$ cat protein-v9.cif   # mmCIF, C-alpha atoms and all ligand atoms
data_my_file
loop_
_atom_site.group_PDB
_atom_site.id
_atom_site.type_symbol
_atom_site.label_atom_id
_atom_site.label_comp_id
_atom_site.auth_asym_id
_atom_site.auth_seq_id
_atom_site.Cartn_x
_atom_site.Cartn_y
_atom_site.Cartn_z
ATOM 1 C CA MET A 1 121.559 -116.496 26.956
ATOM 2 C CA GLU A 2 123.476 -113.371 26.168
ATOM 3 C CA GLU A 3 123.539 -112.004 22.647
ATOM 4 C CA GLU A 4 127.271 -112.706 22.237
ATOM 5 C CA GLU A 5 126.783 -116.337 23.226
ATOM 6 C CA LEU A 6 123.915 -116.660 20.767
ATOM 7 C CA LYS A 7 126.075 -115.250 18.016
ATOM 8 C CA ALA A 8 128.759 -117.785 18.868
ATOM 9 C CA VAL A 9 126.196 -120.604 18.647
ATOM 10 C CA MET A 10 124.998 -119.319 15.306
ATOM 11 C CA ARG A 11 128.543 -118.972 13.993
ATOM 12 C CA GLU A 12 129.332 -122.525 15.080
ATOM 13 C CA ALA A 13 126.200 -123.817 13.396
ATOM 14 C CA PHE A 14 126.449 -121.863 10.158
ATOM 15 C CA GLY A 15 130.110 -120.990 9.890
ATOM 16 C CA ASP A 16 131.261 -117.467 9.307
ATOM 17 C CA SER A 17 128.662 -115.476 7.408
ATOM 18 C CA SER A 18 131.138 -114.724 4.611
ATOM 19 C CA ASP A 19 131.748 -118.445 3.899
ATOM 20 C CA SER A 20 128.465 -119.075 2.191
ATOM 21 C CA ASP A 21 128.132 -119.168 -1.561
ATOM 22 C CA CYS A 22 124.327 -119.118 -1.566
ATOM 23 C CA GLU A 23 123.042 -117.096 -4.459
ATOM 24 C CA LEU A 24 120.449 -115.262 -2.428
ATOM 25 C CA GLY A 25 123.121 -113.911 -0.158
ATOM 26 C CA ASN A 26 125.181 -112.236 -2.881
ATOM 27 C CA SER A 27 125.060 -108.481 -2.620
ATOM 28 C CA SER A 28 124.258 -108.398 -6.335
ATOM 29 C CA ASN A 29 120.983 -110.041 -5.386
ATOM 30 C CA GLY A 30 120.142 -107.246 -2.963
ATOM 31 C CA ILE A 31 120.899 -108.941 0.354
ATOM 32 C CA GLU A 32 124.044 -108.143 2.274
ATOM 33 C CA LYS A 33 125.221 -111.199 4.175
ATOM 34 C CA SER A 34 126.501 -109.128 7.071
ATOM 35 C CA GLN A 35 123.044 -107.800 7.440
ATOM 36 C CA SER A 36 121.294 -111.101 6.998
ATOM 37 C CA ILE A 37 122.951 -113.131 9.718
ATOM 38 C CA PHE A 38 123.064 -110.993 12.830
ATOM 39 C CA GLY A 39 121.501 -107.681 11.987
ATOM 40 C CA GLU A 40 117.881 -108.730 11.669
ATOM 41 C CA SER A 41 115.259 -108.875 14.359
ATOM 42 C CA TYR A 42 112.332 -111.228 14.049
ATOM 43 C CA THR A 43 109.011 -111.302 15.832
ATOM 44 C CA TRP A 44 107.530 -114.749 16.353
ATOM 45 C CA GLU A 45 103.956 -114.961 17.580
ATOM 46 C CA PRO A 46 102.137 -118.088 18.735
ATOM 47 C CA ILE A 47 98.637 -118.473 17.261
ATOM 48 C CA THR A 48 96.158 -118.563 20.107
ATOM 49 C CA GLY A 49 94.190 -121.800 20.321
ATOM 50 C CA ILE A 50 96.549 -123.941 18.192
ATOM 51 C CA SER A 51 99.457 -125.416 20.072
ATOM 52 C CA GLY A 52 102.627 -125.527 17.949
ATOM 53 C CA LEU A 53 101.522 -122.954 15.367
ATOM 54 C CA TRP A 54 103.745 -119.896 15.041
ATOM 55 C CA ILE A 55 103.993 -117.016 12.625
ATOM 56 C CA CYS A 56 106.831 -114.601 11.940
ATOM 57 C CA ARG A 57 105.329 -111.752 9.929
ATOM 58 C CA ASP A 58 108.597 -109.896 9.334
ATOM 59 C CA PHE A 59 110.625 -112.917 8.192
ATOM 60 C CA LEU A 60 111.720 -111.486 4.797
ATOM 61 C CA SER A 61 112.071 -107.811 3.892
ATOM 62 C CA PRO A 62 110.531 -106.609 0.582
ATOM 63 C CA ASP A 63 114.005 -106.803 -1.057
ATOM 64 C CA GLN A 64 114.550 -110.323 0.227
ATOM 65 C CA GLN A 65 111.108 -111.330 -1.052
ATOM 66 C CA SER A 66 112.023 -110.024 -4.541
ATOM 67 C CA SER A 67 115.356 -111.863 -4.441
ATOM 68 C CA LEU A 68 113.645 -115.083 -3.450
ATOM 69 C CA LEU A 69 111.055 -114.736 -6.233
ATOM 70 C CA SER A 70 113.821 -114.077 -8.774
ATOM 71 C CA ALA A 71 115.728 -117.144 -7.576
ATOM 72 C CA ILE A 72 112.567 -119.251 -7.977
ATOM 73 C CA GLU A 73 111.981 -117.824 -11.451
ATOM 74 C CA ARG A 74 115.572 -118.580 -12.433
ATOM 75 C CA GLU A 75 114.876 -122.258 -11.686
ATOM 76 C CA GLY A 76 112.712 -122.115 -14.799
ATOM 77 C CA CYS A 77 110.088 -124.600 -13.566
ATOM 78 C CA PHE A 78 107.237 -122.194 -14.072
ATOM 79 C CA ALA A 79 107.956 -120.913 -17.575
ATOM 80 C CA ASP A 80 104.862 -122.733 -18.769
ATOM 81 C CA ALA A 81 101.754 -121.255 -17.071
ATOM 82 C CA SER A 82 100.194 -124.712 -16.674
ATOM 83 C CA HIS A 83 102.938 -125.597 -14.178
ATOM 84 C CA ASN A 84 101.977 -124.358 -10.765
ATOM 85 C CA GLN A 85 103.937 -126.687 -8.506
ATOM 86 C CA ALA A 86 107.614 -127.622 -8.341
ATOM 87 C CA MET A 87 109.162 -130.114 -5.931
ATOM 88 C CA ARG A 88 112.689 -130.886 -4.943
ATOM 89 C CA PHE A 89 113.979 -133.731 -2.751
ATOM 90 C CA GLY A 90 117.417 -134.235 -1.246
ATOM 91 C CA ASP A 91 119.921 -131.500 -2.027
ATOM 92 C CA LEU A 92 118.020 -128.241 -2.050
ATOM 93 C CA PRO A 93 118.998 -125.346 -4.324
ATOM 94 C CA SER A 94 121.287 -122.823 -2.638
ATOM 95 C CA TRP A 95 118.515 -120.255 -2.219
ATOM 96 C CA ALA A 96 116.404 -122.796 -0.303
ATOM 97 C CA VAL A 97 119.394 -123.702 1.871
ATOM 98 C CA GLU A 98 119.723 -120.031 2.710
ATOM 99 C CA VAL A 99 116.020 -119.759 3.549
ATOM 100 C CA SER A 100 116.502 -122.749 5.888
ATOM 101 C CA TYR A 101 119.332 -120.878 7.617
ATOM 102 C CA TYR A 102 117.059 -117.920 8.090
ATOM 103 C CA VAL A 103 114.329 -120.132 9.546
ATOM 104 C CA ARG A 104 116.707 -121.528 12.142
ATOM 105 C CA GLU A 105 118.293 -118.164 12.833
ATOM 106 C CA SER A 106 114.955 -116.447 13.307
ATOM 107 C CA ILE A 107 113.794 -119.064 15.807
ATOM 108 C CA VAL A 108 117.053 -119.166 17.745
ATOM 109 C CA LEU A 109 117.200 -115.395 18.000
ATOM 110 C CA SER A 110 113.569 -115.274 19.142
ATOM 111 C CA GLY A 111 114.557 -116.797 22.486
ATOM 112 C CA TYR A 112 111.584 -119.178 22.293
ATOM 113 C CA VAL A 113 113.765 -122.286 22.382
ATOM 114 C CA SER A 114 113.721 -124.266 25.608
ATOM 115 C CA GLU A 115 117.522 -124.736 25.815
ATOM 116 C CA PHE A 116 118.096 -121.037 25.818
ATOM 117 C CA ILE A 117 115.689 -120.164 28.575
ATOM 118 C CA ASP A 118 117.080 -119.683 31.995
ATOM 119 C CA LYS A 119 114.631 -117.457 33.870
ATOM 120 C CA GLU A 120 111.688 -119.116 35.583
ATOM 121 C CA GLU A 121 109.170 -116.492 34.573
ATOM 122 C CA THR A 122 110.167 -116.876 30.907
ATOM 123 C CA ILE A 123 109.784 -120.645 31.134
ATOM 124 C CA ASN A 124 106.216 -120.257 32.382
ATOM 125 C CA LYS A 125 105.391 -117.764 29.675
ATOM 126 C CA VAL A 126 106.679 -119.880 26.814
ATOM 127 C CA GLU A 127 105.431 -123.198 28.178
ATOM 128 C CA GLU A 128 101.911 -121.870 27.924
ATOM 129 C CA ALA A 129 102.561 -120.891 24.345
ATOM 130 C CA CYS A 130 104.395 -124.177 23.522
ATOM 131 C CA LEU A 131 107.968 -123.444 22.578
ATOM 132 C CA PHE A 132 110.057 -124.747 19.696
ATOM 133 C CA PRO A 133 111.519 -128.185 20.425
ATOM 134 C CA PRO A 134 115.337 -127.992 20.141
ATOM 135 C CA ASN A 135 115.543 -131.486 18.603
ATOM 136 C CA LEU A 136 113.608 -130.200 15.578
ATOM 137 C CA LEU A 137 115.607 -127.041 15.329
ATOM 138 C CA TRP A 138 119.064 -128.627 15.410
ATOM 139 C CA ARG A 139 118.419 -131.645 13.211
ATOM 140 C CA GLU A 140 120.598 -131.926 10.089
ATOM 141 C CA PRO A 141 119.515 -131.067 7.578
ATOM 142 C CA LEU A 142 116.719 -128.926 8.933
ATOM 143 C CA PHE A 143 114.819 -129.506 5.665
ATOM 144 C CA ASN A 144 115.446 -131.673 2.609
ATOM 145 C CA GLN A 145 112.225 -131.326 0.679
ATOM 146 C CA LEU A 146 110.886 -128.252 -0.994
ATOM 147 C CA ILE A 147 107.633 -127.406 -2.736
ATOM 148 C CA VAL A 148 106.981 -124.140 -4.506
ATOM 149 C CA ASN A 149 103.297 -123.530 -5.181
ATOM 150 C CA ILE A 150 102.014 -120.774 -7.440
ATOM 151 C CA TYR A 151 98.372 -119.868 -7.027
ATOM 152 C CA GLN A 152 96.483 -117.615 -9.407
ATOM 153 C CA PRO A 153 93.675 -115.501 -7.893
ATOM 154 C CA GLY A 154 90.834 -117.824 -6.877
ATOM 155 C CA GLU A 155 93.141 -120.855 -6.532
ATOM 156 C CA GLY A 156 93.979 -122.379 -3.167
ATOM 157 C CA ILE A 157 94.586 -125.693 -1.449
ATOM 158 C CA GLY A 158 92.009 -128.001 0.171
ATOM 159 C CA ALA A 159 92.007 -128.886 3.869
ATOM 160 C CA HIS A 160 94.742 -131.413 4.632
ATOM 161 C CA VAL A 161 97.299 -132.638 7.117
ATOM 162 C CA ASP A 162 100.716 -132.925 5.464
ATOM 163 C CA LEU A 163 101.671 -136.521 4.630
ATOM 164 C CA MET A 164 103.159 -138.694 7.372
ATOM 165 C CA ARG A 165 106.186 -139.327 5.164
ATOM 166 C CA PHE A 166 107.381 -135.925 6.371
ATOM 167 C CA GLU A 167 108.782 -135.366 9.828
ATOM 168 C CA ASP A 168 107.403 -132.885 12.298
ATOM 169 C CA GLY A 169 108.374 -129.231 11.842
ATOM 170 C CA ILE A 170 107.087 -127.679 8.616
ATOM 171 C CA ALA A 171 107.809 -124.155 7.401
ATOM 172 C CA VAL A 172 105.842 -122.147 4.825
ATOM 173 C CA VAL A 173 107.060 -118.835 3.371
ATOM 174 C CA SER A 174 104.427 -116.623 1.697
ATOM 175 C CA LEU A 175 105.186 -114.311 -1.226
ATOM 176 C CA GLU A 176 103.247 -111.864 -3.392
ATOM 177 C CA SER A 177 99.582 -111.900 -2.298
ATOM 178 C CA SER A 178 98.258 -111.993 1.258
ATOM 179 C CA CYS A 179 95.828 -114.781 2.027
ATOM 180 C CA VAL A 180 93.915 -116.301 4.897
ATOM 181 C CA MET A 181 94.841 -119.859 5.845
ATOM 182 C CA HIS A 182 92.165 -121.633 7.887
ATOM 183 C CA PHE A 183 92.898 -124.276 10.485
ATOM 184 C CA SER A 184 90.358 -126.893 11.568
ATOM 185 C CA ARG A 185 90.844 -129.692 14.059
ATOM 186 C CA VAL A 186 91.219 -133.198 12.648
ATOM 187 C CA GLU A 187 87.900 -134.869 13.459
ATOM 188 C CA SER A 188 88.191 -137.584 16.027
ATOM 189 C CA GLU A 189 85.565 -140.274 16.655
ATOM 190 C CA VAL A 190 84.555 -138.394 19.770
ATOM 191 C CA ASP A 191 83.566 -135.395 17.660
ATOM 192 C CA CYS A 192 80.911 -137.476 15.862
ATOM 193 C CA PHE A 193 78.959 -137.767 19.081
ATOM 194 C CA GLU A 194 79.344 -134.222 20.264
ATOM 195 C CA GLU A 195 76.217 -132.161 20.317
ATOM 196 C CA THR A 196 77.894 -128.826 20.302
ATOM 197 C CA GLY A 197 78.605 -129.043 16.578
ATOM 198 C CA LYS A 198 81.837 -128.181 14.834
ATOM 199 C CA GLU A 199 84.331 -125.763 16.204
ATOM 200 C CA PRO A 200 84.810 -122.712 14.033
ATOM 201 C CA LYS A 201 87.872 -122.701 11.824
ATOM 202 C CA ILE A 202 90.726 -120.516 13.013
ATOM 203 C CA PRO A 203 91.829 -117.968 10.402
ATOM 204 C CA VAL A 204 95.482 -116.900 10.135
ATOM 205 C CA LEU A 205 96.545 -114.032 7.873
ATOM 206 C CA LEU A 206 99.658 -114.829 5.836
ATOM 207 C CA VAL A 207 101.196 -111.612 4.579
ATOM 208 C CA PRO A 208 103.954 -111.565 1.931
ATOM 209 C CA GLY A 209 107.318 -112.189 3.566
ATOM 210 C CA SER A 210 105.807 -114.090 6.492
ATOM 211 C CA LEU A 211 106.868 -117.504 7.713
ATOM 212 C CA VAL A 212 104.581 -120.056 9.337
ATOM 213 C CA PHE A 213 106.116 -122.835 11.388
ATOM 214 C CA MET A 214 103.981 -125.769 12.530
ATOM 215 C CA HIS A 215 104.917 -128.601 14.809
ATOM 216 C CA GLY A 216 103.263 -131.021 17.220
ATOM 217 C CA GLU A 217 99.493 -130.518 17.467
ATOM 218 C CA ALA A 218 99.437 -127.884 14.737
ATOM 219 C CA ARG A 219 101.121 -130.303 12.327
ATOM 220 C CA TYR A 220 99.297 -133.546 13.275
ATOM 221 C CA MET A 221 95.973 -132.583 14.873
ATOM 222 C CA TRP A 222 94.934 -129.669 12.683
ATOM 223 C CA LYS A 223 94.193 -129.438 8.977
ATOM 224 C CA HIS A 224 95.130 -126.337 7.044
ATOM 225 C CA GLU A 225 93.542 -124.967 3.887
ATOM 226 C CA ILE A 226 93.446 -121.879 1.698
ATOM 227 C CA ASN A 227 90.102 -121.214 0.036
ATOM 228 C CA ARG A 228 90.444 -118.326 -2.390
ATOM 229 C CA LYS A 229 86.960 -118.628 -3.845
ATOM 230 C CA PRO A 230 84.966 -115.382 -3.605
ATOM 231 C CA GLY A 231 83.750 -114.727 -0.069
ATOM 232 C CA PHE A 232 86.299 -116.887 1.779
ATOM 233 C CA GLN A 233 89.234 -114.474 1.918
ATOM 234 C CA LYS A 234 87.956 -111.942 4.415
ATOM 235 C CA TRP A 235 90.135 -110.318 7.006
ATOM 236 C CA GLN A 236 88.666 -107.925 9.565
ATOM 237 C CA GLY A 237 85.485 -107.732 7.507
ATOM 238 C CA GLU A 238 87.235 -106.775 4.261
ATOM 239 C CA GLU A 239 87.704 -109.042 1.267
ATOM 240 C CA ILE A 240 91.434 -109.374 0.495
ATOM 241 C CA ASP A 241 92.508 -108.072 -2.904
ATOM 242 C CA GLN A 242 93.876 -111.240 -4.486
ATOM 243 C CA LYS A 243 96.929 -111.376 -6.696
ATOM 244 C CA ARG A 244 99.115 -114.278 -7.719
ATOM 245 C CA ARG A 245 100.493 -115.963 -4.601
ATOM 246 C CA THR A 246 103.666 -118.019 -4.319
ATOM 247 C CA SER A 247 104.535 -120.159 -1.334
ATOM 248 C CA VAL A 248 107.631 -122.121 -0.436
ATOM 249 C CA THR A 249 107.064 -125.124 1.839
ATOM 250 C CA LEU A 250 110.091 -126.696 3.523
ATOM 251 C CA ARG A 251 109.912 -130.122 5.152
ATOM 252 C CA LYS A 252 112.116 -133.048 6.135
ATOM 253 C CA LEU A 253 111.477 -136.521 4.768
ATOM 254 C CA ARG A 254 111.074 -139.177 7.428
ATOM 255 C CA GLN A 255 113.560 -142.063 7.324
ATOM 256 C CA MET A 256 111.447 -145.085 6.489
ATOM 257 C CA SER A 257 112.187 -148.689 7.352
ATOM 258 C CA PRO A 258 112.303 -151.147 4.398
ATOM 259 C CA SER A 259 108.928 -152.638 5.451
ATOM 260 C CA GLU A 260 107.305 -149.193 5.497
ATOM 261 C CA MET A 261 108.667 -148.496 2.043
ATOM 262 C CA GLU A 262 106.961 -151.596 0.648
ATOM 263 C CA LYS A 263 103.524 -150.335 1.699
HETATM 264 O O1 LIG B 301 100.649 -122.672 -0.048
HETATM 265 C C1 LIG B 301 100.652 -122.713 1.172
HETATM 266 O O2 LIG B 301 100.716 -121.721 1.871
HETATM 267 C C2 LIG B 301 100.547 -124.048 1.878
HETATM 268 C C3 LIG B 301 100.991 -125.198 1.067
HETATM 269 C C4 LIG B 301 100.753 -126.493 1.791
HETATM 270 O O3 LIG B 301 100.005 -126.569 2.715
HETATM 271 C C5 LIG B 301 101.467 -127.700 1.371
HETATM 272 O O4 LIG B 301 102.209 -127.682 0.372
HETATM 273 O O5 LIG B 301 101.291 -128.738 2.038
HETATM 274 FE FE FE B 302 100.232 -128.385 3.828
#
$ encode --input "protein-v9.cif" --output "structure tokens"
Amino acid sequence: MEEEELKAVMREAFGDSSDSDCELGNSSNGIEKSQSIFGESYTWEPITGISGLWICRDFLSPDQQSSLLSAIEREGCFADASHNQAMRFGDLPSWAVEVSYYVRESIVLSGYVSEFIDKEETINKVEEACLFPPNLLWREPLFNQLIVNIYQPGEGIGAHVDLMRFEDGIAVVSLESSCVMHFSRVESEVDCFEETGKEPKIPVLLVPGSLVFMHGEARYMWKHEINRKPGFQKWQGEEIDQKRRTSVTLRKLRQMSPSEMEK
């Protein structure tokens, strides 16, 4: 698809870039809207060995990261240091709506969406890497649940698969400190009888401003964890210098039937 056509698709989906009243997009907050919608380029990379796991390391510029942190601080949920997690369901704050726009925009502009691929050689290339399913990307709303986690140095999150009450397609924005997130396959019964032992965990470096997107196998068949205890945060042989880390996780709640809700 040509760039002009893409822009038209984006305009149809998001409206004109000047229509939005999202706080993060105000120039007083350091982000020019004209720059944010069509001026950016994003680099999405698939993580080798984990189908459906993608990272965009240049998702937010340093200025955008500061604006996002300020918007989170303005929410006031973390004034008390004992609060390190804030959740929101349903209508997301305007800054989170804007982040959702960026997520969609960055994926659409990457060209890694099956609808937008017309050349055979590109199809082969992205099929190997597992492309973004368009049904996830164009659902409305893209996300309606938000968690902000604040981790002090040494704090992390244990290995888990996100709850089934959330749909497929989960995005995590990293801010402040870099960290290594490890992925390990969900153990199946077959694994218990395997003699080869456990597969090594796959490390992924999350730099500030990066965005991780997981769907399919990465979301359902792999656990993710962040262990920030001494010795576990090594990247290329060097221990990462830990600071406070903030992450923003965006998900969509699954519609549940009345019988499921009773469980
Ligand atoms: O903090 C992160 O980067 C990940 C958070 C997470 O996995 C979750 O909230 O389910
Ligand atoms: Fe998670």
$ closest_residue --input "protein-v9.cif" --among "A:Ile72, A:Leu146, A:Leu175, A:Leu211" --to "A:Val103" --atoms "only C-alpha atoms"
A:Leu211
$ closest_residue --input "protein-v9.cif" --among "A:Arg57, A:Arg74, A:Lys252, A:Arg245" --to "A:Met164" --atoms "all atoms listed in the file"
A:Lys252
$ residues_near_ligand --input "protein-v9.cif" --ligand "ligand FE 302 (chain B)" --cutoff "7 Å" --atoms "all atoms listed in the file" --output "NGL selection string"
:A and (160-162 or 224)
$ closest_atom_pairs --input "protein-v9.cif" --of "chain A" --to "ligand LIG 301 (chain B)" --cutoff "6 Å" --atoms "only C-alpha atoms and all ligand atoms" --output "Markdown table"
| residue | atom | partner | partner_atom | distance |
| --- | --- | --- | --- | --- |
| A:Asn149 | CA | B:LIG301 | O1 | 5.8 |
| A:Asp162 | CA | B:LIG301 | O5 | 5.4 |
| A:Val172 | CA | B:LIG301 | O2 | 5.9 |
| A:Ser247 | CA | B:LIG301 | O1 | 4.8 |
| A:Thr249 | CA | B:LIG301 | O4 | 5.7 |
$ resolve_selection --input "protein-v9.cif" --expression "the PyMOL selection byres (((chain A and resi 133) around 10) and not hetatm)" --output "CSV table (one decimal) with C-alpha atoms, keeping the file's coordinate frame"
chain,number,residue,atom,x,y,z
A,52,GLY,CA,102.6,-125.5,17.9
A,112,TYR,CA,111.6,-119.2,22.3
A,113,VAL,CA,113.8,-122.3,22.4
A,114,SER,CA,113.7,-124.3,25.6
A,115,GLU,CA,117.5,-124.7,25.8
A,130,CYS,CA,104.4,-124.2,23.5
A,131,LEU,CA,108.0,-123.4,22.6
A,132,PHE,CA,110.1,-124.7,19.7
A,134,PRO,CA,115.3,-128.0,20.1
A,135,ASN,CA,115.5,-131.5,18.6
A,136,LEU,CA,113.6,-130.2,15.6
A,137,LEU,CA,115.6,-127.0,15.3
A,138,TRP,CA,119.1,-128.6,15.4
A,169,GLY,CA,108.4,-129.2,11.8
A,215,HIS,CA,104.9,-128.6,14.8
A,216,GLY,CA,103.3,-131.0,17.2
$ atom_distance --input "protein-v9.cif" --atom1 "atom CA of A:Ile157" --atom2 "atom CA of A:Glu45"
23.8 Å
$ atom_distance --input "protein-v9.cif" --atom1 "atom CA of A:Gln233" --atom2 "atom CA of A:Ser178"
9.4 Å
$ residues_near_point --input "protein-v9.cif" --point "(117.5, -128.8, 2.2)" --cutoff "8 Å" --atoms "all atoms listed in the file" --output "number ranges by chain"
A: 89-93, 96-97, 100, 141-146, 250, 252
$ write_last_selection --input "protein-v9.cif" --atoms "C-alpha atoms" --output "CSV table (one decimal), keeping the file's coordinate frame"
chain,number,residue,atom,x,y,z
A,89,PHE,CA,114.0,-133.7,-2.8
A,90,GLY,CA,117.4,-134.2,-1.2
A,91,ASP,CA,119.9,-131.5,-2.0
A,92,LEU,CA,118.0,-128.2,-2.0
A,93,PRO,CA,119.0,-125.3,-4.3
A,96,ALA,CA,116.4,-122.8,-0.3
A,97,VAL,CA,119.4,-123.7,1.9
A,100,SER,CA,116.5,-122.7,5.9
A,141,PRO,CA,119.5,-131.1,7.6
A,142,LEU,CA,116.7,-128.9,8.9
A,143,PHE,CA,114.8,-129.5,5.7
A,144,ASN,CA,115.4,-131.7,2.6
A,145,GLN,CA,112.2,-131.3,0.7
A,146,LEU,CA,110.9,-128.3,-1.0
A,250,LEU,CA,110.1,-126.7,3.5
A,252,LYS,CA,112.1,-133.0,6.1
$ atom_distance --input "protein-v9.cif" --atom1 "atom CA of A:Pro208" --atom2 "atom CA of A:Arg165"
28.0 Å
$ closest_residue --input "protein-v9.cif" --among "A:Lys229, A:His83, A:Lys201, A:Arg254" --to "A:His182" --atoms "all atoms listed in the file"
A:Lys201
$ decode --input "protein-v9.cif" --residues "stretch 91-109 of chain A" --atoms "N, CA and C atoms" --output "PDB file, in the first residue's frame"
ATOM      1  N   ASP A  91     -13.442   3.405  30.325  1.00  0.00           N
ATOM      2  CA  ASP A  91     -12.938   4.603  29.652  1.00  0.00           C
ATOM      3  C   ASP A  91     -11.542   4.921  30.164  1.00  0.00           C
ATOM      4  N   LEU A  92     -10.589   4.891  29.268  1.00  0.00           N
ATOM      5  CA  LEU A  92      -9.207   5.160  29.672  1.00  0.00           C
ATOM      6  C   LEU A  92      -8.967   6.663  29.713  1.00  0.00           C
ATOM      7  N   PRO A  93      -8.006   7.117  30.541  1.00  0.00           N
ATOM      8  CA  PRO A  93      -7.672   8.542  30.520  1.00  0.00           C
ATOM      9  C   PRO A  93      -7.148   8.943  29.134  1.00  0.00           C
ATOM     10  N   SER A  94      -7.262  10.231  28.823  1.00  0.00           N
ATOM     11  CA  SER A  94      -6.947  10.670  27.456  1.00  0.00           C
ATOM     12  C   SER A  94      -5.520  10.320  27.049  1.00  0.00           C
ATOM     13  N   TRP A  95      -4.582  10.361  28.009  1.00  0.00           N
ATOM     14  CA  TRP A  95      -3.202  10.041  27.632  1.00  0.00           C
ATOM     15  C   TRP A  95      -3.066   8.579  27.214  1.00  0.00           C
ATOM     16  N   ALA A  96      -3.873   7.694  27.846  1.00  0.00           N
ATOM     17  CA  ALA A  96      -3.793   6.271  27.488  1.00  0.00           C
ATOM     18  C   ALA A  96      -4.478   6.026  26.141  1.00  0.00           C
ATOM     19  N   VAL A  97      -5.524   6.823  25.858  1.00  0.00           N
ATOM     20  CA  VAL A  97      -6.171   6.714  24.550  1.00  0.00           C
ATOM     21  C   VAL A  97      -5.169   7.111  23.472  1.00  0.00           C
ATOM     22  N   GLU A  98      -4.391   8.152  23.767  1.00  0.00           N
ATOM     23  CA  GLU A  98      -3.407   8.581  22.771  1.00  0.00           C
ATOM     24  C   GLU A  98      -2.311   7.532  22.584  1.00  0.00           C
ATOM     25  N   VAL A  99      -1.885   6.907  23.684  1.00  0.00           N
ATOM     26  CA  VAL A  99      -0.883   5.838  23.545  1.00  0.00           C
ATOM     27  C   VAL A  99      -1.449   4.711  22.671  1.00  0.00           C
ATOM     28  N   SER A 100      -2.745   4.399  22.879  1.00  0.00           N
ATOM     29  CA  SER A 100      -3.375   3.352  22.043  1.00  0.00           C
ATOM     30  C   SER A 100      -3.333   3.730  20.563  1.00  0.00           C
ATOM     31  N   TYR A 101      -3.584   5.004  20.271  1.00  0.00           N
ATOM     32  CA  TYR A 101      -3.490   5.458  18.873  1.00  0.00           C
ATOM     33  C   TYR A 101      -2.092   5.201  18.320  1.00  0.00           C
ATOM     34  N   TYR A 102      -1.122   5.550  19.134  1.00  0.00           N
ATOM     35  CA  TYR A 102       0.264   5.356  18.693  1.00  0.00           C
ATOM     36  C   TYR A 102       0.569   3.884  18.436  1.00  0.00           C
ATOM     37  N   VAL A 103       0.016   3.017  19.310  1.00  0.00           N
ATOM     38  CA  VAL A 103       0.276   1.578  19.132  1.00  0.00           C
ATOM     39  C   VAL A 103      -0.241   1.152  17.760  1.00  0.00           C
ATOM     40  N   ARG A 104      -1.489   1.535  17.480  1.00  0.00           N
ATOM     41  CA  ARG A 104      -2.088   1.131  16.207  1.00  0.00           C
ATOM     42  C   ARG A 104      -1.327   1.758  15.034  1.00  0.00           C
ATOM     43  N   GLU A 105      -1.043   3.025  15.168  1.00  0.00           N
ATOM     44  CA  GLU A 105      -0.341   3.742  14.100  1.00  0.00           C
ATOM     45  C   GLU A 105       1.005   3.087  13.807  1.00  0.00           C
ATOM     46  N   SER A 106       1.731   2.768  14.874  1.00  0.00           N
ATOM     47  CA  SER A 106       3.079   2.231  14.678  1.00  0.00           C
ATOM     48  C   SER A 106       3.020   0.888  13.966  1.00  0.00           C
ATOM     49  N   ILE A 107       1.994   0.092  14.275  1.00  0.00           N
ATOM     50  CA  ILE A 107       1.891  -1.228  13.643  1.00  0.00           C
ATOM     51  C   ILE A 107       1.449  -1.082  12.183  1.00  0.00           C
ATOM     52  N   VAL A 108       0.458  -0.223  11.967  1.00  0.00           N
ATOM     53  CA  VAL A 108      -0.031  -0.040  10.596  1.00  0.00           C
ATOM     54  C   VAL A 108       1.091   0.489   9.697  1.00  0.00           C
ATOM     55  N   LEU A 109       1.828   1.464  10.199  1.00  0.00           N
ATOM     56  CA  LEU A 109       2.881   2.043   9.378  1.00  0.00           C
ATOM     57  C   LEU A 109       4.069   1.098   9.194  1.00  0.00           C
TER      58      LEU A 109
END
